[in-house]
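Asker: Mind having a look at this structure? Questions to follow.
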Amino acid sequence: MNEDVRNVVLGVIATGVSGGFGWFARTYLWRRKLRRKQAFFGLPTGSDCLFVVNRQMGGSESSVHRYDAFALLEISALIKDCGATVQIVVHDTARQGFGDRTEFCVGGPVSNTRTAAHLTSMLPGVRVDLSTEAGPDRGAIVVGGEPYRWEKDSLEHVLLARLATPEGGRPVFLISGQTAVSNQAAARYLARHHETLARKYGDRPFCLLLKVINSAAYGPDVTELVADVTEAARRPEPAAI
């Protein structure tokens, strides 16, 4: 074997080894990223999760607001990436506990009784004004005594929370917005920022308050984080004297 042939063979071998290491590194990083996503959402490969939807206010018994349906689509991509499957149930038929499988619960307590139960049991520092009469506090989300009001088509708030029992188990992802648009906005925020949230919180519970700006013009696209309200939301409000 002359020198030129030897150099060609060594070059081919070096290229193969380099390509193999590159493939291995990419595969390792992809799998590590997938494991982190699965751990954050509590969705190992082959697992099942629950998606609890509300019913559209004023609609038929089986109707879901289109923006809540869009929220389902935002989250479905995450579920598919984790290799899990989803069961969709309406809020007043989801008579079961939590922790056995991951749950995504979408809609405020006015239209979703499961949300109301989760707020009462796991976020006692949150109160939502359920009045039906027009007024500045209608639909307001109150966290730790601080009200966050709804201004139609201008300013809407939504809670995005990862909840878990003290015993652990699979988490509940709660999206409780003042409108269906804000529900979709929170689902999109979760889809886009889940890696950052996983790095910051790991498997710990959290509760974030988001705001949607000028939904009449921008829909759910302009969404901002207002505050991490985890401590205030988990601390029961003092009893009225």
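Note on naming: chains are A, B, ... as they come in the structure tokens, residues start from 1 per chain, ligands start from 1 in the order shown.
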Compile the contact shell of Phe40 (chain A) as a list in words: residues with an atom at most 12 Å away, counting only C-alpha atoms, same-chain residues fewer than 6 positions apart removed.
Answerer: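 The contact residues come out as Lys33, Leu34, Leu78, Ile79, Cys82, Thr102, Arg162, Leu163, Ala164, Gly169, Arg170, Pro171, Val172, Phe173, Leu190, His193, His194, Glu195, Thr196, Leu197, Ala198, Arg199, Lys200, Tyr201, Gly202, Asp203, Arg204, Pro205 and Phe206 of chain A.
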Asker: As a PDB file with N, CA, C and O atoms, in the first residue's frame, please: all residues of region 29-179 of chain A that backbone DSSP puts in strand (DSSP E).
Answerer:
ATOM      1  N   ASP A  48     -50.492   7.173  29.605  1.00  0.00           N
ATOM      2  CA  ASP A  48     -51.778   7.768  29.241  1.00  0.00           C
ATOM      3  C   ASP A  48     -51.988   9.007  30.090  1.00  0.00           C
ATOM      4  O   ASP A  48     -51.591   9.051  31.256  1.00  0.00           O
ATOM      5  N   CYS A  49     -52.588  10.042  29.515  1.00  0.00           N
ATOM      6  CA  CYS A  49     -52.891  11.242  30.277  1.00  0.00           C
ATOM      7  C   CYS A  49     -54.322  11.678  30.016  1.00  0.00           C
ATOM      8  O   CYS A  49     -54.991  11.189  29.105  1.00  0.00           O
ATOM      9  N   LEU A  50     -54.781  12.609  30.843  1.00  0.00           N
ATOM     10  CA  LEU A  50     -56.161  13.072  30.801  1.00  0.00           C
ATOM     11  C   LEU A  50     -56.196  14.537  30.392  1.00  0.00           C
ATOM     12  O   LEU A  50     -55.422  15.347  30.913  1.00  0.00           O
ATOM     13  N   PHE A  51     -57.064  14.868  29.461  1.00  0.00           N
ATOM     14  CA  PHE A  51     -57.285  16.264  29.079  1.00  0.00           C
ATOM     15  C   PHE A  51     -58.726  16.608  29.429  1.00  0.00           C
ATOM     16  O   PHE A  51     -59.660  16.075  28.843  1.00  0.00           O
ATOM     17  N   VAL A  52     -58.893  17.494  30.424  1.00  0.00           N
ATOM     18  CA  VAL A  52     -60.223  17.850  30.914  1.00  0.00           C
ATOM     19  C   VAL A  52     -60.624  19.189  30.298  1.00  0.00           C
ATOM     20  O   VAL A  52     -59.976  20.209  30.523  1.00  0.00           O
ATOM     21  N   VAL A  53     -61.699  19.174  29.515  1.00  0.00           N
ATOM     22  CA  VAL A  53     -62.151  20.395  28.843  1.00  0.00           C
ATOM     23  C   VAL A  53     -63.432  20.899  29.495  1.00  0.00           C
ATOM     24  O   VAL A  53     -64.199  20.143  30.093  1.00  0.00           O
ATOM     25  N   THR A  85     -50.319   8.896  25.140  1.00  0.00           N
ATOM     26  CA  THR A  85     -51.641   9.019  24.539  1.00  0.00           C
ATOM     27  C   THR A  85     -52.534   9.842  25.459  1.00  0.00           C
ATOM     28  O   THR A  85     -52.258   9.990  26.653  1.00  0.00           O
ATOM     29  N   VAL A  86     -53.605  10.394  24.905  1.00  0.00           N
ATOM     30  CA  VAL A  86     -54.465  11.290  25.668  1.00  0.00           C
ATOM     31  C   VAL A  86     -55.918  10.828  25.603  1.00  0.00           C
ATOM     32  O   VAL A  86     -56.390  10.350  24.569  1.00  0.00           O
ATOM     33  N   GLN A  87     -56.599  10.959  26.718  1.00  0.00           N
ATOM     34  CA  GLN A  87     -58.038  10.732  26.800  1.00  0.00           C
ATOM     35  C   GLN A  87     -58.700  12.062  27.112  1.00  0.00           C
ATOM     36  O   GLN A  87     -58.341  12.737  28.078  1.00  0.00           O
ATOM     37  N   ILE A  88     -59.673  12.460  26.292  1.00  0.00           N
ATOM     38  CA  ILE A  88     -60.358  13.732  26.470  1.00  0.00           C
ATOM     39  C   ILE A  88     -61.689  13.499  27.179  1.00  0.00           C
ATOM     40  O   ILE A  88     -62.492  12.660  26.749  1.00  0.00           O
ATOM     41  N   VAL A  89     -61.905  14.231  28.270  1.00  0.00           N
ATOM     42  CA  VAL A  89     -63.157  14.106  29.008  1.00  0.00           C
ATOM     43  C   VAL A  89     -63.701  15.499  29.318  1.00  0.00           C
ATOM     44  O   VAL A  89     -62.948  16.465  29.425  1.00  0.00           O
ATOM     45  N   VAL A  90     -65.019  15.589  29.440  1.00  0.00           N
ATOM     46  CA  VAL A  90     -65.661  16.842  29.807  1.00  0.00           C
ATOM     47  C   VAL A  90     -65.601  16.991  31.321  1.00  0.00           C
ATOM     48  O   VAL A  90     -65.661  16.009  32.068  1.00  0.00           O
ATOM     49  N   GLU A 103     -52.571  15.090  34.154  1.00  0.00           N
ATOM     50  CA  GLU A 103     -53.835  15.716  33.760  1.00  0.00           C
ATOM     51  C   GLU A 103     -53.576  17.144  33.272  1.00  0.00           C
ATOM     52  O   GLU A 103     -52.801  17.884  33.880  1.00  0.00           O
ATOM     53  N   PHE A 104     -54.221  17.496  32.182  1.00  0.00           N
ATOM     54  CA  PHE A 104     -54.255  18.865  31.695  1.00  0.00           C
ATOM     55  C   PHE A 104     -55.696  19.352  31.828  1.00  0.00           C
ATOM     56  O   PHE A 104     -56.599  18.797  31.202  1.00  0.00           O
ATOM     57  N   CYS A 105     -55.895  20.353  32.669  1.00  0.00           N
ATOM     58  CA  CYS A 105     -57.251  20.839  32.963  1.00  0.00           C
ATOM     59  C   CYS A 105     -57.347  22.274  32.463  1.00  0.00           C
ATOM     60  O   CYS A 105     -56.611  23.154  32.914  1.00  0.00           O
ATOM     61  N   VAL A 106     -58.266  22.515  31.527  1.00  0.00           N
ATOM     62  CA  VAL A 106     -58.346  23.803  30.843  1.00  0.00           C
ATOM     63  C   VAL A 106     -59.701  24.461  31.080  1.00  0.00           C
ATOM     64  O   VAL A 106     -60.759  23.827  30.920  1.00  0.00           O
ATOM     65  N   VAL A 126     -56.042  31.408  45.840  1.00  0.00           N
ATOM     66  CA  VAL A 126     -56.624  31.968  44.616  1.00  0.00           C
ATOM     67  C   VAL A 126     -58.142  32.024  44.751  1.00  0.00           C
ATOM     68  O   VAL A 126     -58.778  31.068  45.190  1.00  0.00           O
ATOM     69  N   ARG A 127     -58.684  33.151  44.372  1.00  0.00           N
ATOM     70  CA  ARG A 127     -60.143  33.304  44.337  1.00  0.00           C
ATOM     71  C   ARG A 127     -60.519  33.978  43.022  1.00  0.00           C
ATOM     72  O   ARG A 127     -59.854  34.901  42.572  1.00  0.00           O
ATOM     73  N   VAL A 128     -61.590  33.468  42.400  1.00  0.00           N
ATOM     74  CA  VAL A 128     -62.071  34.035  41.139  1.00  0.00           C
ATOM     75  C   VAL A 128     -63.461  34.593  41.355  1.00  0.00           C
ATOM     76  O   VAL A 128     -64.329  33.921  41.917  1.00  0.00           O
ATOM     77  N   ILE A 141     -59.302  37.604  38.832  1.00  0.00           N
ATOM     78  CA  ILE A 141     -58.542  36.580  39.530  1.00  0.00           C
ATOM     79  C   ILE A 141     -57.829  37.257  40.695  1.00  0.00           C
ATOM     80  O   ILE A 141     -57.062  38.201  40.496  1.00  0.00           O
ATOM     81  N   VAL A 142     -58.111  36.792  41.903  1.00  0.00           N
ATOM     82  CA  VAL A 142     -57.520  37.379  43.105  1.00  0.00           C
ATOM     83  C   VAL A 142     -56.514  36.382  43.676  1.00  0.00           C
ATOM     84  O   VAL A 142     -56.867  35.250  44.009  1.00  0.00           O
ATOM     85  N   VAL A 143     -55.263  36.811  43.783  1.00  0.00           N
ATOM     86  CA  VAL A 143     -54.207  35.953  44.319  1.00  0.00           C
ATOM     87  C   VAL A 143     -53.573  36.655  45.507  1.00  0.00           C
ATOM     88  O   VAL A 143     -53.025  37.752  45.373  1.00  0.00           O
ATOM     89  N   GLU A 146     -54.613  40.216  45.983  1.00  0.00           N
ATOM     90  CA  GLU A 146     -54.360  41.150  44.886  1.00  0.00           C
ATOM     91  C   GLU A 146     -55.239  40.808  43.688  1.00  0.00           C
ATOM     92  O   GLU A 146     -55.134  39.719  43.122  1.00  0.00           O
ATOM     93  N   PRO A 147     -56.129  41.728  43.268  1.00  0.00           N
ATOM     94  CA  PRO A 147     -57.018  41.423  42.142  1.00  0.00           C
ATOM     95  C   PRO A 147     -56.350  41.694  40.786  1.00  0.00           C
ATOM     96  O   PRO A 147     -55.619  42.674  40.619  1.00  0.00           O
ATOM     97  N   TYR A 148     -56.613  40.813  39.847  1.00  0.00           N
ATOM     98  CA  TYR A 148     -56.160  40.995  38.473  1.00  0.00           C
ATOM     99  C   TYR A 148     -57.417  40.978  37.602  1.00  0.00           C
ATOM    100  O   TYR A 148     -58.020  39.923  37.376  1.00  0.00           O
ATOM    101  N   LEU A 155     -57.277  43.338  27.994  1.00  0.00           N
ATOM    102  CA  LEU A 155     -56.368  42.735  28.973  1.00  0.00           C
ATOM    103  C   LEU A 155     -57.051  41.546  29.631  1.00  0.00           C
ATOM    104  O   LEU A 155     -58.122  41.690  30.222  1.00  0.00           O
ATOM    105  N   GLU A 156     -56.429  40.391  29.504  1.00  0.00           N
ATOM    106  CA  GLU A 156     -56.976  39.163  30.086  1.00  0.00           C
ATOM    107  C   GLU A 156     -55.873  38.429  30.838  1.00  0.00           C
ATOM    108  O   GLU A 156     -54.721  38.434  30.403  1.00  0.00           O
ATOM    109  N   HIS A 157     -56.235  37.820  31.941  1.00  0.00           N
ATOM    110  CA  HIS A 157     -55.259  37.100  32.764  1.00  0.00           C
ATOM    111  C   HIS A 157     -55.578  35.612  32.778  1.00  0.00           C
ATOM    112  O   HIS A 157     -56.727  35.195  32.587  1.00  0.00           O
ATOM    113  N   VAL A 158     -54.548  34.832  33.040  1.00  0.00           N
ATOM    114  CA  VAL A 158     -54.705  33.382  33.097  1.00  0.00           C
ATOM    115  C   VAL A 158     -53.652  32.807  34.041  1.00  0.00           C
ATOM    116  O   VAL A 158     -52.518  33.279  34.087  1.00  0.00           O
ATOM    117  N   LEU A 159     -54.052  31.818  34.816  1.00  0.00           N
ATOM    118  CA  LEU A 159     -53.129  31.090  35.686  1.00  0.00           C
ATOM    119  C   LEU A 159     -52.636  29.840  34.971  1.00  0.00           C
ATOM    120  O   LEU A 159     -53.437  29.092  34.402  1.00  0.00           O
ATOM    121  N   LEU A 160     -51.330  29.634  35.000  1.00  0.00           N
ATOM    122  CA  LEU A 160     -50.717  28.414  34.488  1.00  0.00           C
ATOM    123  C   LEU A 160     -49.988  27.765  35.654  1.00  0.00           C
ATOM    124  O   LEU A 160     -49.044  28.332  36.195  1.00  0.00           O
ATOM    125  N   ALA A 161     -50.442  26.583  36.050  1.00  0.00           N
ATOM    126  CA  ALA A 161     -49.882  25.953  37.251  1.00  0.00           C
ATOM    127  C   ALA A 161     -49.528  24.492  36.996  1.00  0.00           C
ATOM    128  O   ALA A 161     -50.196  23.798  36.218  1.00  0.00           O
ATOM    129  N   ARG A 162     -48.479  24.069  37.658  1.00  0.00           N
ATOM    130  CA  ARG A 162     -48.127  22.641  37.730  1.00  0.00           C
ATOM    131  C   ARG A 162     -48.364  22.234  39.170  1.00  0.00           C
ATOM    132  O   ARG A 162     -47.705  22.735  40.078  1.00  0.00           O
ATOM    133  N   LEU A 163     -49.287  21.321  39.384  1.00  0.00           N
ATOM    134  CA  LEU A 163     -49.717  20.957  40.726  1.00  0.00           C
ATOM    135  C   LEU A 163     -49.404  19.496  41.006  1.00  0.00           C
ATOM    136  O   LEU A 163     -49.372  18.666  40.097  1.00  0.00           O
ATOM    137  N   ALA A 164     -49.153  19.201  42.267  1.00  0.00           N
ATOM    138  CA  ALA A 164     -48.896  17.829  42.675  1.00  0.00           C
ATOM    139  C   ALA A 164     -49.267  17.682  44.141  1.00  0.00           C
ATOM    140  O   ALA A 164     -49.247  18.652  44.901  1.00  0.00           O
ATOM    141  N   THR A 165     -49.622  16.479  44.524  1.00  0.00           N
ATOM    142  CA  THR A 165     -49.930  16.202  45.914  1.00  0.00           C
ATOM    143  C   THR A 165     -48.636  16.036  46.700  1.00  0.00           C
ATOM    144  O   THR A 165     -47.574  15.783  46.122  1.00  0.00           O
ATOM    145  N   GLY A 168     -46.624  13.055  45.885  1.00  0.00           N
ATOM    146  CA  GLY A 168     -46.020  12.937  44.567  1.00  0.00           C
ATOM    147  C   GLY A 168     -47.017  12.413  43.550  1.00  0.00           C
ATOM    148  O   GLY A 168     -48.198  12.744  43.583  1.00  0.00           O
ATOM    149  N   GLY A 169     -46.549  11.577  42.658  1.00  0.00           N
ATOM    150  CA  GLY A 169     -47.411  11.073  41.595  1.00  0.00           C
ATOM    151  C   GLY A 169     -47.339  11.977  40.373  1.00  0.00           C
ATOM    152  O   GLY A 169     -46.548  12.928  40.305  1.00  0.00           O
ATOM    153  N   ARG A 170     -48.163  11.693  39.399  1.00  0.00           N
ATOM    154  CA  ARG A 170     -48.173  12.466  38.159  1.00  0.00           C
ATOM    155  C   ARG A 170     -48.792  13.850  38.399  1.00  0.00           C
ATOM    156  O   ARG A 170     -49.718  13.994  39.198  1.00  0.00           O
ATOM    157  N   PRO A 171     -48.313  14.868  37.694  1.00  0.00           N
ATOM    158  CA  PRO A 171     -48.776  16.238  37.952  1.00  0.00           C
ATOM    159  C   PRO A 171     -50.094  16.567  37.274  1.00  0.00           C
ATOM    160  O   PRO A 171     -50.549  15.880  36.354  1.00  0.00           O
ATOM    161  N   VAL A 172     -50.689  17.654  37.745  1.00  0.00           N
ATOM    162  CA  VAL A 172     -51.833  18.288  37.095  1.00  0.00           C
ATOM    163  C   VAL A 172     -51.358  19.628  36.542  1.00  0.00           C
ATOM    164  O   VAL A 172     -50.803  20.442  37.285  1.00  0.00           O
ATOM    165  N   PHE A 173     -51.565  19.850  35.246  1.00  0.00           N
ATOM    166  CA  PHE A 173     -51.288  21.149  34.644  1.00  0.00           C
ATOM    167  C   PHE A 173     -52.611  21.889  34.506  1.00  0.00           C
ATOM    168  O   PHE A 173     -53.504  21.452  33.776  1.00  0.00           O
ATOM    169  N   LEU A 174     -52.718  22.968  35.250  1.00  0.00           N
ATOM    170  CA  LEU A 174     -53.963  23.720  35.311  1.00  0.00           C
ATOM    171  C   LEU A 174     -53.831  25.012  34.517  1.00  0.00           C
ATOM    172  O   LEU A 174     -52.884  25.782  34.709  1.00  0.00           O
ATOM    173  N   ILE A 175     -54.801  25.234  33.625  1.00  0.00           N
ATOM    174  CA  ILE A 175     -54.873  26.472  32.853  1.00  0.00           C
ATOM    175  C   ILE A 175     -56.231  27.096  33.121  1.00  0.00           C
ATOM    176  O   ILE A 175     -57.255  26.607  32.657  1.00  0.00           O
ATOM    177  N   SER A 176     -56.236  28.143  33.925  1.00  0.00           N
ATOM    178  CA  SER A 176     -57.481  28.777  34.360  1.00  0.00           C
ATOM    179  C   SER A 176     -57.471  30.237  33.941  1.00  0.00           C
ATOM    180  O   SER A 176     -56.874  31.082  34.603  1.00  0.00           O
ATOM    181  N   GLY A 177     -58.132  30.522  32.806  1.00  0.00           N
ATOM    182  CA  GLY A 177     -58.114  31.866  32.261  1.00  0.00           C
ATOM    183  C   GLY A 177     -59.439  32.579  32.382  1.00  0.00           C
ATOM    184  O   GLY A 177     -60.483  31.968  32.637  1.00  0.00           O
TER     185      GLY A 177
END
Asker: Give me the residues within 12 Å of Pro136 (chain A) as a PyMOL selection string, counting only C-alpha atoms and dropping any in the same chain fewer than 3 places off.
Answerer: chain A and resi 129+131-133+139-141+147-152
Asker: With all heavy atoms retained, could you export that selection as a tab-separated table (two decimals), in the first residue's frame?
Answerer:
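Saved result, again09.tsv, follows:
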chain	number	residue	atom	x	y	z
A	129	ASP	N	-63.66	35.84	40.94
A	129	ASP	CA	-64.98	36.46	41.07
A	129	ASP	C	-65.93	35.81	40.07
A	129	ASP	O	-65.72	35.87	38.86
A	129	ASP	CB	-64.88	37.97	40.80
A	129	ASP	CG	-66.17	38.70	41.14
A	129	ASP	OD1	-67.17	38.49	40.41
A	129	ASP	OD2	-66.18	39.46	42.11
A	131	SER	N	-69.24	36.43	39.81
A	131	SER	CA	-70.48	37.19	39.64
A	131	SER	C	-70.86	37.27	38.17
A	131	SER	O	-70.00	37.31	37.28
A	131	SER	CB	-70.33	38.60	40.21
A	131	SER	OG	-69.28	39.30	39.54
A	132	THR	N	-72.15	37.28	37.90
A	132	THR	CA	-72.65	37.34	36.53
A	132	THR	C	-73.06	38.75	36.12
A	132	THR	O	-73.30	39.00	34.94
A	132	THR	CB	-73.86	36.41	36.36
A	132	THR	OG1	-74.88	36.75	37.33
A	132	THR	CG2	-73.45	34.95	36.60
A	133	GLU	N	-73.16	39.63	37.10
A	133	GLU	CA	-73.54	41.00	36.78
A	133	GLU	C	-72.32	41.81	36.36
A	133	GLU	O	-71.21	41.60	36.83
A	133	GLU	CB	-74.20	41.65	38.00
A	133	GLU	CG	-75.49	40.98	38.44
A	133	GLU	CD	-76.12	41.68	39.63
A	133	GLU	OE1	-75.55	42.70	40.09
A	133	GLU	OE2	-77.17	41.21	40.10
A	139	GLY	N	-65.15	38.39	36.94
A	139	GLY	CA	-64.13	37.53	36.36
A	139	GLY	C	-62.72	37.77	36.88
A	139	GLY	O	-61.78	37.12	36.43
A	140	ALA	N	-62.57	38.68	37.84
A	140	ALA	CA	-61.23	38.99	38.35
A	140	ALA	C	-60.61	37.78	39.03
A	140	ALA	O	-61.29	37.02	39.72
A	140	ALA	CB	-61.29	40.17	39.32
A	141	ILE	N	-59.30	37.60	38.83
A	141	ILE	CA	-58.54	36.58	39.53
A	141	ILE	C	-57.83	37.26	40.69
A	141	ILE	O	-57.06	38.20	40.50
A	141	ILE	CB	-57.51	35.91	38.60
A	141	ILE	CG1	-58.22	35.20	37.44
A	141	ILE	CG2	-56.64	34.93	39.37
A	141	ILE	CD1	-57.27	34.65	36.39
A	147	PRO	N	-56.13	41.73	43.27
A	147	PRO	CA	-57.02	41.42	42.14
A	147	PRO	C	-56.35	41.69	40.79
A	147	PRO	O	-55.62	42.67	40.62
A	147	PRO	CB	-58.20	42.38	42.37
A	147	PRO	CG	-57.59	43.55	43.06
A	147	PRO	CD	-56.46	43.02	43.90
A	148	TYR	N	-56.61	40.81	39.85
A	148	TYR	CA	-56.16	40.99	38.47
A	148	TYR	C	-57.42	40.98	37.60
A	148	TYR	O	-58.02	39.92	37.38
A	148	TYR	CB	-55.18	39.89	38.07
A	148	TYR	CG	-53.93	39.90	38.92
A	148	TYR	CD1	-53.86	39.16	40.10
A	148	TYR	CD2	-52.84	40.68	38.55
A	148	TYR	CE1	-52.71	39.18	40.89
A	148	TYR	CE2	-51.68	40.71	39.34
A	148	TYR	CZ	-51.64	39.96	40.50
A	148	TYR	OH	-50.51	39.99	41.28
A	149	ARG	N	-57.80	42.16	37.12
A	149	ARG	CA	-59.10	42.33	36.48
A	149	ARG	C	-59.03	42.06	34.98
A	149	ARG	O	-57.99	42.14	34.35
A	149	ARG	CB	-59.64	43.74	36.76
A	149	ARG	CG	-59.93	43.99	38.23
A	149	ARG	CD	-60.50	45.37	38.49
A	149	ARG	NE	-60.88	45.53	39.88
A	149	ARG	CZ	-60.06	45.91	40.85
A	149	ARG	NH1	-58.79	46.20	40.56
A	149	ARG	NH2	-60.49	46.03	42.10
A	150	TRP	N	-60.20	41.79	34.45
A	150	TRP	CA	-60.38	41.50	33.03
A	150	TRP	C	-60.95	42.72	32.34
A	150	TRP	O	-61.95	43.29	32.78
A	150	TRP	CB	-61.33	40.30	32.88
A	150	TRP	CG	-61.86	40.07	31.51
A	150	TRP	CD1	-61.17	40.12	30.34
A	150	TRP	CD2	-63.20	39.72	31.16
A	150	TRP	NE1	-61.98	39.83	29.27
A	150	TRP	CE2	-63.24	39.58	29.75
A	150	TRP	CE3	-64.36	39.49	31.89
A	150	TRP	CZ2	-64.41	39.23	29.07
A	150	TRP	CZ3	-65.52	39.15	31.21
A	150	TRP	CH2	-65.55	39.02	29.82
A	151	GLU	N	-60.27	43.14	31.28
A	151	GLU	CA	-60.76	44.24	30.44
A	151	GLU	C	-61.03	43.65	29.06
A	151	GLU	O	-60.10	43.28	28.34
A	151	GLU	CB	-59.72	45.36	30.36
A	151	GLU	CG	-59.39	45.98	31.71
A	151	GLU	CD	-58.25	46.98	31.62
A	151	GLU	OE1	-57.95	47.44	30.49
A	151	GLU	OE2	-57.67	47.30	32.67
A	152	LYS	N	-62.27	43.54	28.70
A	152	LYS	CA	-62.69	42.82	27.49
A	152	LYS	C	-61.90	43.26	26.26
A	152	LYS	O	-61.81	44.45	25.96
A	152	LYS	CB	-64.18	43.03	27.26
A	152	LYS	CG	-64.73	42.19	26.09
A	152	LYS	CD	-66.22	42.36	25.94
A	152	LYS	CE	-66.73	41.52	24.78
A	152	LYS	NZ	-68.19	41.68	24.59
Asker: Tell me, which residues of region 71-225 of chain A carry DSSP helix (DSSP H, G or I), written as a ChimeraX atom specification?
Answerer: /A:71-81,91-93,113-122,180-201,215-218
Asker: Within 8 Å of Thr45 (chain A), counting only C-alpha atoms, which residues qualify if same-chain residues fewer than 3 places away don't, as an NGL selection string?
Answerer: :A and (38 or 82-84)
Asker: Generate a file of the selected residues that holds N, CA and C atoms, formatted as a PDB file, in the first residue's frame.
Answerer:
ATOM      1  N   GLN A  38     -40.240  14.361  29.363  1.00  0.00           N
ATOM      2  CA  GLN A  38     -41.130  13.338  29.918  1.00  0.00           C
ATOM      3  C   GLN A  38     -41.219  13.447  31.436  1.00  0.00           C
ATOM      4  N   CYS A  82     -43.756  13.071  23.662  1.00  0.00           N
ATOM      5  CA  CYS A  82     -43.373  12.227  24.798  1.00  0.00           C
ATOM      6  C   CYS A  82     -43.710  10.758  24.569  1.00  0.00           C
ATOM      7  N   GLY A  83     -44.408  10.458  23.477  1.00  0.00           N
ATOM      8  CA  GLY A  83     -44.793   9.079  23.211  1.00  0.00           C
ATOM      9  C   GLY A  83     -45.952   8.605  24.054  1.00  0.00           C
ATOM     10  N   ALA A  84     -46.798   9.546  24.500  1.00  0.00           N
ATOM     11  CA  ALA A  84     -47.941   9.216  25.351  1.00  0.00           C
ATOM     12  C   ALA A  84     -49.245   9.349  24.555  1.00  0.00           C
TER      13      ALA A  84
END
Asker: Which residue gives the smallest distance to Tyr67 (chain A) among A:Ser111, A:Gln178, A:Asn54, A:Asn183, with only C-alpha atoms counted?
Answerer: A:Asn183
Asker: Pick out the residues sitting within 9 Å of Gly125 (chain A), and hand them over as a list in words; count only C-alpha atoms, and ignore anything fewer than 6 positions along from it in its own chain.
Answerer: Leu119, Val142, Val143, Gly144, Gly145, Glu231, Ala232, Ala233, Arg234, Arg235, Pro236, Glu237 and Pro238 of chain A
Asker: Give me a file of those residues, with all heavy atoms, as a compact mmCIF listing (two decimals), in the first residue's frame.
Answerer:
# COMPACT_ATOMS: atom_id res chain seq x y z
N LEU A 119 -58.53 24.39 42.38
CA LEU A 119 -58.20 25.66 43.04
C LEU A 119 -58.45 25.56 44.54
O LEU A 119 -57.64 26.00 45.35
CB LEU A 119 -59.03 26.79 42.44
CG LEU A 119 -58.70 27.20 41.00
CD1 LEU A 119 -59.68 28.28 40.52
CD2 LEU A 119 -57.27 27.71 40.88
N VAL A 142 -58.11 36.79 41.90
CA VAL A 142 -57.52 37.38 43.11
C VAL A 142 -56.51 36.38 43.68
O VAL A 142 -56.87 35.25 44.01
CB VAL A 142 -58.60 37.72 44.15
CG1 VAL A 142 -57.97 38.38 45.37
CG2 VAL A 142 -59.68 38.62 43.55
N VAL A 143 -55.26 36.81 43.78
CA VAL A 143 -54.21 35.95 44.32
C VAL A 143 -53.57 36.65 45.51
O VAL A 143 -53.02 37.75 45.37
CB VAL A 143 -53.13 35.64 43.26
CG1 VAL A 143 -52.11 34.66 43.83
CG2 VAL A 143 -53.74 35.10 41.99
N GLY A 144 -53.66 36.04 46.67
CA GLY A 144 -53.10 36.65 47.86
C GLY A 144 -53.70 38.01 48.17
O GLY A 144 -53.04 38.88 48.70
N GLY A 145 -54.96 38.18 47.81
CA GLY A 145 -55.66 39.43 48.07
C GLY A 145 -55.47 40.48 46.98
O GLY A 145 -56.10 41.54 47.02
N GLU A 231 -46.17 31.05 45.91
CA GLU A 231 -46.30 31.10 47.36
C GLU A 231 -47.65 31.68 47.78
O GLU A 231 -48.33 31.15 48.66
CB GLU A 231 -45.16 31.92 47.95
CG GLU A 231 -43.79 31.28 47.81
CD GLU A 231 -43.74 29.89 48.42
OE1 GLU A 231 -44.30 29.72 49.52
OE2 GLU A 231 -43.17 28.99 47.79
N ALA A 232 -48.05 32.78 47.15
CA ALA A 232 -49.33 33.41 47.50
C ALA A 232 -50.50 32.51 47.15
O ALA A 232 -51.49 32.44 47.89
CB ALA A 232 -49.47 34.76 46.79
N ALA A 233 -50.40 31.80 46.02
CA ALA A 233 -51.51 30.94 45.59
C ALA A 233 -51.67 29.72 46.49
O ALA A 233 -52.79 29.22 46.68
CB ALA A 233 -51.28 30.51 44.15
N ARG A 234 -50.58 29.23 47.05
CA ARG A 234 -50.64 28.03 47.89
C ARG A 234 -50.91 28.34 49.35
O ARG A 234 -51.15 27.43 50.15
CB ARG A 234 -49.33 27.25 47.76
CG ARG A 234 -49.03 26.77 46.35
CD ARG A 234 -47.74 26.00 46.28
NE ARG A 234 -47.83 24.73 46.98
CZ ARG A 234 -46.79 23.93 47.22
NH1 ARG A 234 -45.58 24.31 46.84
NH2 ARG A 234 -46.95 22.80 47.85
N ARG A 235 -50.89 29.62 49.71
CA ARG A 235 -51.13 30.02 51.09
C ARG A 235 -52.59 30.41 51.25
O ARG A 235 -53.08 31.32 50.59
CB ARG A 235 -50.23 31.20 51.46
CG ARG A 235 -50.33 31.63 52.91
CD ARG A 235 -49.24 32.62 53.25
NE ARG A 235 -49.27 33.80 52.38
CZ ARG A 235 -48.31 34.12 51.51
NH1 ARG A 235 -47.25 33.35 51.37
NH2 ARG A 235 -48.42 35.20 50.78
N PRO A 236 -53.34 29.73 52.12
CA PRO A 236 -54.78 30.05 52.29
C PRO A 236 -54.99 31.50 52.70
O PRO A 236 -54.19 32.08 53.45
CB PRO A 236 -55.22 29.09 53.41
CG PRO A 236 -54.21 28.00 53.41
CD PRO A 236 -52.91 28.63 52.99
N GLU A 237 -56.05 32.09 52.16
CA GLU A 237 -56.39 33.46 52.54
C GLU A 237 -56.81 33.48 54.00
O GLU A 237 -57.45 32.55 54.49
CB GLU A 237 -57.53 34.00 51.68
CG GLU A 237 -57.11 34.33 50.25
CD GLU A 237 -58.23 35.05 49.52
OE1 GLU A 237 -59.41 34.71 49.73
OE2 GLU A 237 -57.92 35.97 48.73
N PRO A 238 -56.45 34.53 54.73
CA PRO A 238 -56.87 34.62 56.13
C PRO A 238 -58.39 34.67 56.24
O PRO A 238 -59.07 35.26 55.39
CB PRO A 238 -56.22 35.91 56.62
CG PRO A 238 -55.94 36.70 55.38
CD PRO A 238 -55.67 35.70 54.31
Asker: Which residues, written as a PyMOL selection string, have at least one atom at most 9 Å from Ala217 (chain A), with only C-alpha atoms counted and residues fewer than 4 positions away on the same chain left out?
Answerer: chain A and resi 153-154+213
Asker: Please measure the separation of CA of Gly42 (chain A) and CA of Arg114 (chain A), giving the value in Å to one decimal.
Answerer: 19.7 Å
Asker: Tell me which of A:Gly97, A:Pro166, A:Ala134, A:Arg66 sits closest to His118 (chain A), counting only C-alpha atoms.
Answerer: A:Gly97
